[in-house]
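K.L.:
Structure: final-v6.cif, mmCIF, C-alpha atoms.
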```
data_upload
#
loop_
_atom_site.label_atom_id
_atom_site.label_comp_id
_atom_site.auth_asym_id
_atom_site.auth_seq_id
_atom_site.Cartn_x
_atom_site.Cartn_y
_atom_site.Cartn_z
CA MET A 1 -88.00 41.99 -45.73
CA ARG A 2 -87.91 44.09 -48.89
CA ILE A 3 -85.39 42.79 -51.42
CA LEU A 4 -84.29 44.06 -54.85
CA ILE A 5 -82.82 41.53 -57.32
CA SER A 6 -81.05 42.30 -60.58
CA GLY A 7 -80.91 39.41 -63.01
CA ALA A 8 -84.17 38.19 -61.49
CA THR A 9 -85.20 36.26 -64.63
CA GLY A 10 -81.93 34.30 -64.89
CA LEU A 11 -81.27 30.80 -63.62
CA VAL A 12 -80.27 31.86 -60.10
CA GLY A 13 -82.45 34.96 -59.93
CA SER A 14 -85.68 33.17 -60.80
CA ALA A 15 -85.01 30.38 -58.27
CA LEU A 16 -84.10 32.95 -55.61
CA THR A 17 -87.22 34.99 -56.32
CA ARG A 18 -89.46 31.94 -55.86
CA ALA A 19 -87.73 31.01 -52.61
CA LEU A 20 -87.96 34.51 -51.12
CA GLN A 21 -91.57 34.99 -52.15
CA ALA A 22 -92.43 31.63 -50.57
CA ALA A 23 -90.92 33.01 -47.35
CA ASP A 24 -93.23 36.06 -47.64
CA TRP A 25 -90.44 38.49 -48.50
CA GLU A 26 -91.29 41.41 -50.76
CA VAL A 27 -89.23 40.98 -53.92
CA LEU A 28 -88.66 43.69 -56.53
CA ALA A 29 -86.85 43.11 -59.81
CA LEU A 30 -84.28 45.52 -61.21
CA ARG A 31 -85.08 45.08 -64.88
CA ARG A 32 -83.27 46.39 -67.93
CA GLY A 33 -85.27 48.75 -70.11
CA PRO A 34 -84.91 51.85 -72.25
CA HIS A 35 -87.29 54.09 -70.30
CA ALA A 36 -86.51 54.01 -66.60
CA SER A 37 -88.47 57.20 -65.93
CA ARG A 38 -91.65 55.71 -67.45
CA ALA A 39 -91.83 52.53 -65.40
CA GLN A 40 -94.26 53.95 -62.87
CA GLU A 41 -96.46 55.28 -65.65
CA ALA A 42 -96.60 51.76 -67.09
CA GLY A 43 -97.84 50.45 -63.74
CA THR A 44 -95.08 47.87 -63.23
CA GLY A 45 -93.74 46.97 -59.81
CA ASP A 46 -90.27 46.45 -61.25
CA ILE A 47 -87.55 49.08 -61.13
CA ILE A 48 -86.28 49.78 -64.64
CA TRP A 49 -82.64 50.65 -65.25
CA SER A 50 -79.90 50.84 -67.82
CA PRO A 51 -76.80 49.01 -66.50
CA LEU A 52 -74.51 50.79 -68.95
CA THR A 53 -75.67 54.36 -68.24
CA GLY A 54 -76.98 54.03 -64.69
CA ASP A 55 -80.36 55.54 -65.57
CA MET A 56 -82.91 54.30 -63.02
CA GLU A 57 -85.65 55.37 -60.63
CA THR A 58 -83.33 56.11 -57.73
CA GLY A 59 -86.16 57.16 -55.41
CA ARG A 60 -87.48 53.61 -55.40
CA LEU A 61 -84.19 52.32 -53.98
CA GLU A 62 -84.99 53.92 -50.61
CA GLY A 63 -85.81 51.65 -47.69
CA LEU A 64 -84.64 48.34 -49.12
CA ASP A 65 -83.35 45.74 -46.68
CA ALA A 66 -81.02 44.08 -49.19
CA VAL A 67 -80.00 44.19 -52.84
CA ILE A 68 -78.92 41.05 -54.72
CA HIS A 69 -76.97 41.93 -57.86
CA LEU A 70 -76.81 38.99 -60.29
CA ALA A 71 -77.06 40.70 -63.67
CA GLY A 72 -74.39 40.25 -66.35
CA GLU A 73 -73.94 39.00 -69.91
CA ASN A 74 -73.70 35.22 -70.26
CA VAL A 75 -70.00 34.38 -70.70
CA ALA A 76 -70.83 31.18 -72.60
CA ALA A 77 -73.28 32.68 -75.10
CA GLY A 78 -70.84 32.78 -78.01
CA ARG A 79 -67.23 33.18 -79.13
CA TRP A 80 -65.32 35.92 -77.39
CA THR A 81 -65.05 38.47 -80.14
CA GLN A 82 -63.89 41.94 -79.18
CA THR A 83 -67.54 43.01 -79.00
CA ARG A 84 -68.52 40.05 -76.80
CA ARG A 85 -65.59 40.62 -74.45
CA ALA A 86 -66.62 44.26 -74.03
CA ALA A 87 -70.23 43.26 -73.35
CA ILE A 88 -69.17 40.69 -70.74
CA ARG A 89 -66.95 43.19 -68.95
CA ASP A 90 -69.13 46.30 -69.24
CA SER A 91 -72.35 44.56 -68.16
CA ARG A 92 -70.65 43.54 -64.92
CA VAL A 93 -68.33 46.41 -64.14
CA ASP A 94 -70.42 49.37 -65.32
CA GLY A 95 -73.64 47.88 -63.98
CA THR A 96 -72.14 47.25 -60.54
CA ARG A 97 -70.54 50.69 -60.41
CA HIS A 98 -73.78 52.50 -61.31
CA LEU A 99 -75.88 50.46 -58.89
CA SER A 100 -73.33 50.87 -56.10
CA ARG A 101 -73.24 54.65 -56.53
CA ALA A 102 -77.04 54.89 -56.62
CA LEU A 103 -77.35 52.90 -53.39
CA ALA A 104 -74.65 55.00 -51.75
CA ARG A 105 -76.70 58.15 -52.42
CA CYS A 106 -79.81 56.77 -50.67
CA ALA A 107 -80.98 58.47 -47.49
CA GLN A 108 -82.03 54.96 -46.31
CA PRO A 109 -79.60 52.59 -48.01
CA PRO A 110 -79.90 48.81 -47.74
CA ALA A 111 -77.97 47.03 -45.02
CA VAL A 112 -76.32 44.67 -47.50
CA LEU A 113 -75.43 44.41 -51.17
CA VAL A 114 -74.76 40.83 -52.30
CA CYS A 115 -72.93 40.87 -55.63
CA ALA A 116 -72.33 37.89 -57.88
CA SER A 117 -68.71 37.21 -58.75
CA ALA A 118 -66.98 34.01 -59.90
CA VAL A 119 -64.16 31.64 -59.04
CA GLY A 120 -62.79 32.73 -62.40
CA TYR A 121 -61.23 35.44 -60.22
CA TYR A 122 -58.39 32.99 -59.51
CA GLY A 123 -57.67 32.00 -63.11
CA ASP A 124 -56.28 28.53 -63.81
CA GLY A 125 -55.06 27.32 -60.41
CA GLY A 126 -54.09 23.81 -61.42
CA GLU A 127 -54.19 21.47 -58.42
CA ALA A 128 -53.60 24.19 -55.79
CA TRP A 129 -56.30 24.84 -53.21
CA LEU A 130 -57.67 28.39 -53.50
CA ASP A 131 -59.44 30.30 -50.77
CA GLU A 132 -60.65 33.88 -50.48
CA ASP A 133 -57.15 35.15 -49.69
CA SER A 134 -55.59 33.63 -52.82
CA PRO A 135 -54.37 36.15 -55.42
CA PRO A 136 -56.25 36.79 -58.66
CA GLY A 137 -55.31 35.26 -61.97
CA SER A 138 -54.27 37.21 -65.05
CA ASP A 139 -56.55 35.92 -67.81
CA PHE A 140 -59.59 37.72 -69.22
CA LEU A 141 -62.17 36.38 -66.77
CA ALA A 142 -59.88 36.99 -63.81
CA ARG A 143 -59.36 40.61 -64.83
CA VAL A 144 -63.11 41.03 -65.26
CA ALA A 145 -63.78 39.57 -61.81
CA VAL A 146 -61.26 41.88 -60.14
CA ALA A 147 -62.79 44.95 -61.78
CA TRP A 148 -66.31 43.63 -61.07
CA GLU A 149 -65.64 43.40 -57.34
CA ASP A 150 -63.81 46.73 -57.22
CA ALA A 151 -66.82 48.40 -58.86
CA ALA A 152 -68.84 48.07 -55.63
CA GLY A 153 -66.49 50.45 -53.83
CA ALA A 154 -68.99 53.31 -53.53
CA ALA A 155 -71.48 51.14 -51.63
CA ARG A 156 -68.77 49.88 -49.31
CA ALA A 157 -67.53 53.43 -48.65
CA ALA A 158 -71.08 54.45 -47.76
CA GLY A 159 -71.22 51.83 -45.00
CA ILE A 160 -73.22 49.19 -46.89
CA ARG A 161 -72.06 45.65 -46.16
CA VAL A 162 -70.90 44.20 -49.47
CA VAL A 163 -70.56 40.46 -50.08
CA HIS A 164 -68.94 39.18 -53.27
CA LEU A 165 -70.13 35.61 -53.86
CA ARG A 166 -67.51 33.92 -56.05
CA PHE A 167 -69.73 31.29 -57.62
CA GLY A 168 -68.44 28.05 -59.08
CA VAL A 169 -70.27 26.16 -61.82
CA ILE A 170 -73.94 26.17 -60.79
CA LEU A 171 -75.60 22.83 -61.52
CA SER A 172 -79.25 22.63 -62.49
CA SER A 173 -81.28 20.25 -64.63
CA THR A 174 -83.12 23.21 -66.16
CA GLY A 175 -80.34 25.56 -67.21
CA GLY A 176 -76.62 26.27 -67.31
CA ALA A 177 -73.77 23.87 -68.01
CA LEU A 178 -75.39 20.70 -66.67
CA ALA A 179 -78.58 21.17 -68.68
CA ARG A 180 -76.50 21.59 -71.86
CA MET A 181 -74.58 18.39 -71.07
CA LEU A 182 -77.56 16.17 -70.27
CA PRO A 183 -78.77 15.41 -73.83
CA ILE A 184 -75.25 14.33 -74.87
CA PHE A 185 -74.69 12.17 -71.79
CA ARG A 186 -78.14 10.60 -72.02
CA LEU A 187 -77.20 9.41 -75.51
CA GLY A 188 -74.04 7.84 -74.10
CA LEU A 189 -71.87 10.29 -76.03
CA GLY A 190 -70.32 12.14 -73.08
CA GLY A 191 -66.74 12.12 -71.88
CA ARG A 192 -64.00 14.13 -70.25
CA LEU A 193 -62.73 17.44 -71.65
CA GLY A 194 -59.08 17.42 -72.65
CA HIS A 195 -56.96 15.44 -70.17
CA GLY A 196 -59.74 15.66 -67.57
CA ARG A 197 -57.42 16.55 -64.68
CA GLN A 198 -58.65 20.15 -64.41
CA TYR A 199 -60.59 20.83 -61.21
CA MET A 200 -64.18 21.96 -61.27
CA SER A 201 -65.58 23.97 -58.37
CA TRP A 202 -69.33 23.40 -58.39
CA LEU A 203 -72.51 23.90 -56.39
CA SER A 204 -76.15 22.98 -56.92
CA LEU A 205 -78.75 25.61 -57.77
CA PRO A 206 -80.56 25.11 -54.43
CA GLU A 207 -77.19 25.62 -52.73
CA ALA A 208 -76.66 28.89 -54.59
CA VAL A 209 -80.04 30.15 -53.36
CA SER A 210 -79.29 28.99 -49.82
CA ILE A 211 -75.88 30.70 -49.78
CA ILE A 212 -77.39 33.99 -50.97
CA ARG A 213 -79.94 33.85 -48.18
CA PHE A 214 -77.17 33.04 -45.71
CA ALA A 215 -75.14 36.04 -46.95
CA ILE A 216 -78.13 38.33 -46.41
CA SER A 217 -78.69 37.13 -42.86
CA GLN A 218 -75.11 36.98 -41.53
CA ALA A 219 -74.12 40.50 -40.48
CA HIS A 220 -70.49 39.46 -39.91
CA LEU A 221 -70.02 38.18 -43.46
CA ASP A 222 -68.56 40.64 -45.94
CA GLY A 223 -66.04 40.81 -48.75
CA PRO A 224 -65.24 37.80 -50.97
CA VAL A 225 -66.90 34.46 -50.25
CA ASN A 226 -66.28 31.33 -52.30
CA ALA A 227 -69.74 30.01 -53.15
CA VAL A 228 -68.76 26.42 -53.97
CA ALA A 229 -69.27 22.95 -52.55
CA PRO A 230 -66.49 21.84 -50.17
CA GLU A 231 -65.40 18.97 -52.46
CA PRO A 232 -64.38 20.12 -55.95
CA VAL A 233 -63.77 17.32 -58.45
CA THR A 234 -61.72 16.89 -61.58
CA ASN A 235 -63.49 16.98 -64.91
CA ALA A 236 -62.83 13.25 -65.35
CA VAL A 237 -64.48 12.48 -62.01
CA PHE A 238 -67.42 14.76 -62.84
CA THR A 239 -68.08 13.07 -66.18
CA ARG A 240 -67.79 9.57 -64.70
CA THR A 241 -70.14 10.50 -61.88
CA LEU A 242 -72.73 12.05 -64.19
CA ALA A 243 -72.59 8.99 -66.46
CA ARG A 244 -73.05 6.68 -63.47
CA VAL A 245 -76.07 8.65 -62.24
CA LEU A 246 -77.58 8.46 -65.75
CA THR A 247 -76.54 4.78 -66.13
CA ARG A 248 -74.80 5.60 -69.40
CA PRO A 249 -71.23 5.16 -70.63
CA ALA A 250 -68.87 8.16 -70.87
CA PHE A 251 -65.96 7.16 -73.08
CA LEU A 252 -65.92 9.80 -75.82
CA PRO A 253 -63.51 12.56 -74.67
CA LEU A 254 -63.44 15.94 -76.34
CA PRO A 255 -59.80 16.68 -77.21
CA ALA A 256 -58.44 20.05 -76.14
CA TRP A 257 -57.61 20.94 -79.76
CA ALA A 258 -61.21 20.32 -80.82
CA ALA A 259 -62.59 22.47 -78.00
CA ARG A 260 -60.23 25.29 -78.95
CA ALA A 261 -61.12 24.96 -82.62
CA ALA A 262 -64.81 25.25 -81.78
CA LEU A 263 -64.71 27.92 -79.10
CA GLY A 264 -61.37 29.70 -79.30
CA GLU A 265 -60.10 31.38 -76.12
CA MET A 266 -63.36 30.59 -74.35
CA ALA A 267 -62.50 26.87 -74.38
CA ASP A 268 -59.40 27.38 -72.24
CA ALA A 269 -61.16 29.64 -69.75
CA LEU A 270 -64.42 27.72 -69.34
CA LEU A 271 -63.60 24.10 -70.17
CA LEU A 272 -59.90 23.36 -69.90
CA ALA A 273 -58.74 25.55 -66.99
CA GLY A 274 -59.08 24.29 -63.43
CA THR A 275 -60.12 25.94 -60.18
CA ARG A 276 -59.91 24.02 -56.91
CA ALA A 277 -61.67 26.48 -54.63
CA ARG A 278 -62.35 25.96 -50.92
CA PRO A 279 -65.37 27.68 -49.29
CA ARG A 280 -63.30 28.64 -46.24
CA ARG A 281 -65.35 31.61 -45.14
CA LEU A 282 -68.67 29.77 -45.40
CA LEU A 283 -67.31 26.89 -43.36
CA GLU A 284 -65.86 29.24 -40.74
CA SER A 285 -69.24 31.01 -40.56
CA GLY A 286 -71.07 27.80 -39.73
CA TYR A 287 -72.88 27.35 -43.03
CA ASN A 288 -74.36 23.86 -43.42
CA PHE A 289 -74.20 22.61 -47.00
CA LEU A 290 -77.28 21.09 -48.58
CA HIS A 291 -75.23 19.20 -51.19
CA PRO A 292 -71.59 18.83 -50.12
CA ASP A 293 -70.89 15.83 -52.38
CA LEU A 294 -71.32 15.57 -56.14
CA GLU A 295 -73.16 12.28 -56.67
CA PRO A 296 -75.97 12.92 -54.15
CA ALA A 297 -76.28 16.45 -55.56
CA LEU A 298 -76.67 15.16 -59.13
CA ARG A 299 -79.20 12.54 -58.04
CA ALA A 300 -81.24 15.20 -56.24
CA LEU A 301 -81.10 17.59 -59.19
CA LEU A 302 -81.97 15.01 -61.82
CA GLY A 303 -84.72 13.60 -59.66
CA GLU A 304 -86.49 16.93 -60.04
CA THR A 305 -87.24 16.20 -63.70
CA SER A 306 -87.12 12.39 -63.95
#
```
Could you render the structure as structure tokens?

P.N.:
Amino acid sequence: MRILISGATGLVGSALTRALQAADWEVLALRRGPHASRAQEAGTGDIIWSPLTGDMETGRLEGLDAVIHLAGENVAAGRWTQTRRAAIRDSRVDGTRHLSRALARCAQPPAVLVCASAVGYYGDGGEAWLDEDSPPGSDFLARVAVAWEDAAGAARAAGIRVVHLRFGVILSSTGGALARMLPIFRLGLGGRLGHGRQYMSWLSLPEAVSIIRFAISQAHLDGPVNAVAPEPVTNAVFTRTLARVLTRPAFLPLPAWAARAALGEMADALLLAGTRARPRRLLESGYNFLHPDLEPALRALLGETS
């Protein structure tokens, strides 16, 4: 199979690229750059594009089997200033819209476009179970997710199967939220965030790769799909479990006021809000989870680097 991946150098994209290449799939990267028209002259196998303008080598999109669209500004890279908020939104919405329109114009379009989305679509759901039919939230990340998914409309209208994977927190020992937490917890300085009752929908990095491959292969699967483990946990349970796996204490909570003072609005959206998402469509489709439970998942992930 011939696959194009945007965000191929990110945490998920790099792991996915390795997995697909190991399976002898031809993998191309959709890479950001200022000179899309000069990529062939430079001799690179990548396809160069500008997510904000849509400039890319559209002829090289012909004959792909699938496109995996993972690109987007890191939401946790810094305080949400007006500039950062615009970058987060535009990188997702404009990039998806331009890519979707380019694929729709292909004489031989791909069979499937798998687009990253997020359980942030639902906003703070408290203790309520949320599946793919639950309504969107109203906060910043929820509004971004709604617009992000809507931006793939041109591909869908052209008959391309579009899957929106609403990812939870992706756990890896080498990047993302877990990797940032590990040094603190290994020192015995970890603890719950705020009251700790907020739910965390999570999945391991190998699970994220497996779900993407499943989405490519299942012709009946389209629309929104919650890409999360079937057993979300509260933040308090997560921190206790991580501490137990590391054989360290976890008794130093971070008060909500301190998180807000340090991070502003981002603290509420990323740390203090809760999402209890159920992967209903994956379960109904017969997907078999690699890591359905948190503690075995953490032990497997941390065993990779111990």

K.L.:
I'd like the interatomic distance between CA of Gly59 (chain A) and CA of Gly153 (chain A), to a tenth of an Å.

P.N.:
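Answer for the CA of Gly59 (chain A) to CA of Gly153 (chain A) separation: 20.8 Å.
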
K.L.:
Name the residues captured by the PyMOL selection byres ((chain A and resi 203-211) around 6) when it is applied to the shown file; answer as an MDAnalysis selection string.

P.N.:
chainID A and resid 16 170:172 202 212:214 228:229

K.L.:
On this structure, which residues satisfy the PyMOL selection byres ((chain A and resi 64) around 8), written as a list in words?

P.N.:
Met1, Arg2, Ile3, Leu4, Leu61, Glu62, Gly63, Asp65, Ala66, Val67, Gln108, Pro109, Pro110 and Ala111 of chain A

K.L.:
Output the residue selection produced by the PyMOL selection byres ((chain A and resi 135-147) around 7) on the file above, formatted as a list in words.

P.N.:
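Output from the PyMOL selection byres ((chain A and resi 135-147) around 7), applied to this file: Arg89, Val93, Ser117, Ala118, Gly120, Tyr121, Tyr122, Gly123, Asp133, Ser134, Trp148, Glu149, Asp150 and Ala151 of chain A.
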
K.L.:
Every residue with an atom at most 12 Å from (-75.9, 7.0, -62.9) (file coordinates; all atoms listed in the file) is what I'm after, so could you write them as a PyMOL selection string?

P.N.:
chain A and resi 182+185-186+188+238-250+294-300+302-303

K.L.:
Point out the residue among A:Leu52, A:Ile216, A:Ile88, A:Ala177 with the least atom-to-atom distance to Leu11 (chain A), counting all atoms listed in the file.

P.N.:
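Result for the nearest residue to Leu11 (chain A): A:Ala177.
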
K.L.:
What's around Ala215 (chain A) at 8 Å? Count all atoms listed in the file, leave out sequence neighbours fewer than 4 positions away in its own chain, and write the answer as a list in words.

P.N.:
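Within the cut-off, the hits are Val114, Val163, Ile211, Ala219 and Leu221 of chain A.
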
K.L.:
Pick the closest to Val12 (chain A) from A:Gly194, A:Gly175, A:Pro51, A:Gly286: which is it, counting all atoms listed in the file?

P.N.:
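Once distances to Val12 (chain A) are computed over all atoms listed in the file, the minimum belongs to A:Gly175.
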
K.L.:
Need to verify the contact set: region 268-273 of chain A, 9 Å, only C-alpha atoms, exclusion of same-chain residues closer than 3 positions in sequence. Can you return it as a PyMOL selection string?

P.N.:
chain A and resi 75-76+120+123-126+139-141+193-200+235+256+259-260+263-265

K.L.:
Pick from A:Thr81, A:Ile5, A:Pro230, A:Gly274: nearest to Leu290 (chain A), with all atoms listed in the file counted?

P.N.:
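Nearest candidate to Leu290 (chain A) out of A:Thr81, A:Ile5, A:Pro230, A:Gly274: A:Pro230.
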
K.L.:
For a test of reading the model, state the distance in Å between CA of Leu283 (chain A) and CA of Trp25 (chain A), rounded to one decimal.

P.N.:
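Interatomic distance here is 26.4 Å.
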
K.L.:
Calculate how many Å separate CA of Val233 (chain A) from CA of Ser201 (chain A), rounding to one decimal.

P.N.:
6.9 Å

K.L.:
(-58.7, 29.7, -49.0) in this file's frame - what residues fall within 12 Å of it? Use all atoms listed in the file and give the answer as a list in words.

P.N.:
Val119, Tyr122, Ala128, Trp129, Leu130, Asp131, Glu132, Asp133, Ser134, Pro135, Pro224, Val225, Asn226, Ala227, Val228, Pro230, Thr275, Arg276, Ala277, Arg278, Pro279, Arg280, Arg281, Leu282, Leu283 and Glu284 of chain A

K.L.:
Find the residues of region 120-214 of chain A that sit at most 7 Å from region 101-105 of chain A; for each, write down the nearest two atoms and how far apart they are in Å, to one decimal. Count only C-alpha atoms. Sort by chain, then by number going up, and give it as JSON lines.

P.N.:
```
{"residue": "A:Ala154", "atom": "CA", "partner": "A:Arg101", "partner_atom": "CA", "distance": 5.4}
{"residue": "A:Ala155", "atom": "CA", "partner": "A:Ala104", "partner_atom": "CA", "distance": 5.0}
{"residue": "A:Ala158", "atom": "CA", "partner": "A:Ala104", "partner_atom": "CA", "distance": 5.4}
```

K.L.:
Identify which of the residues A:Gly33, A:Gly13, A:Pro232, A:Pro292 lies closest to Trp49 (chain A), counting only C-alpha atoms when measuring atom-to-atom distances.

P.N.:
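Looking only at the distances to Trp49 (chain A), the closest residue turns out to be A:Gly33.
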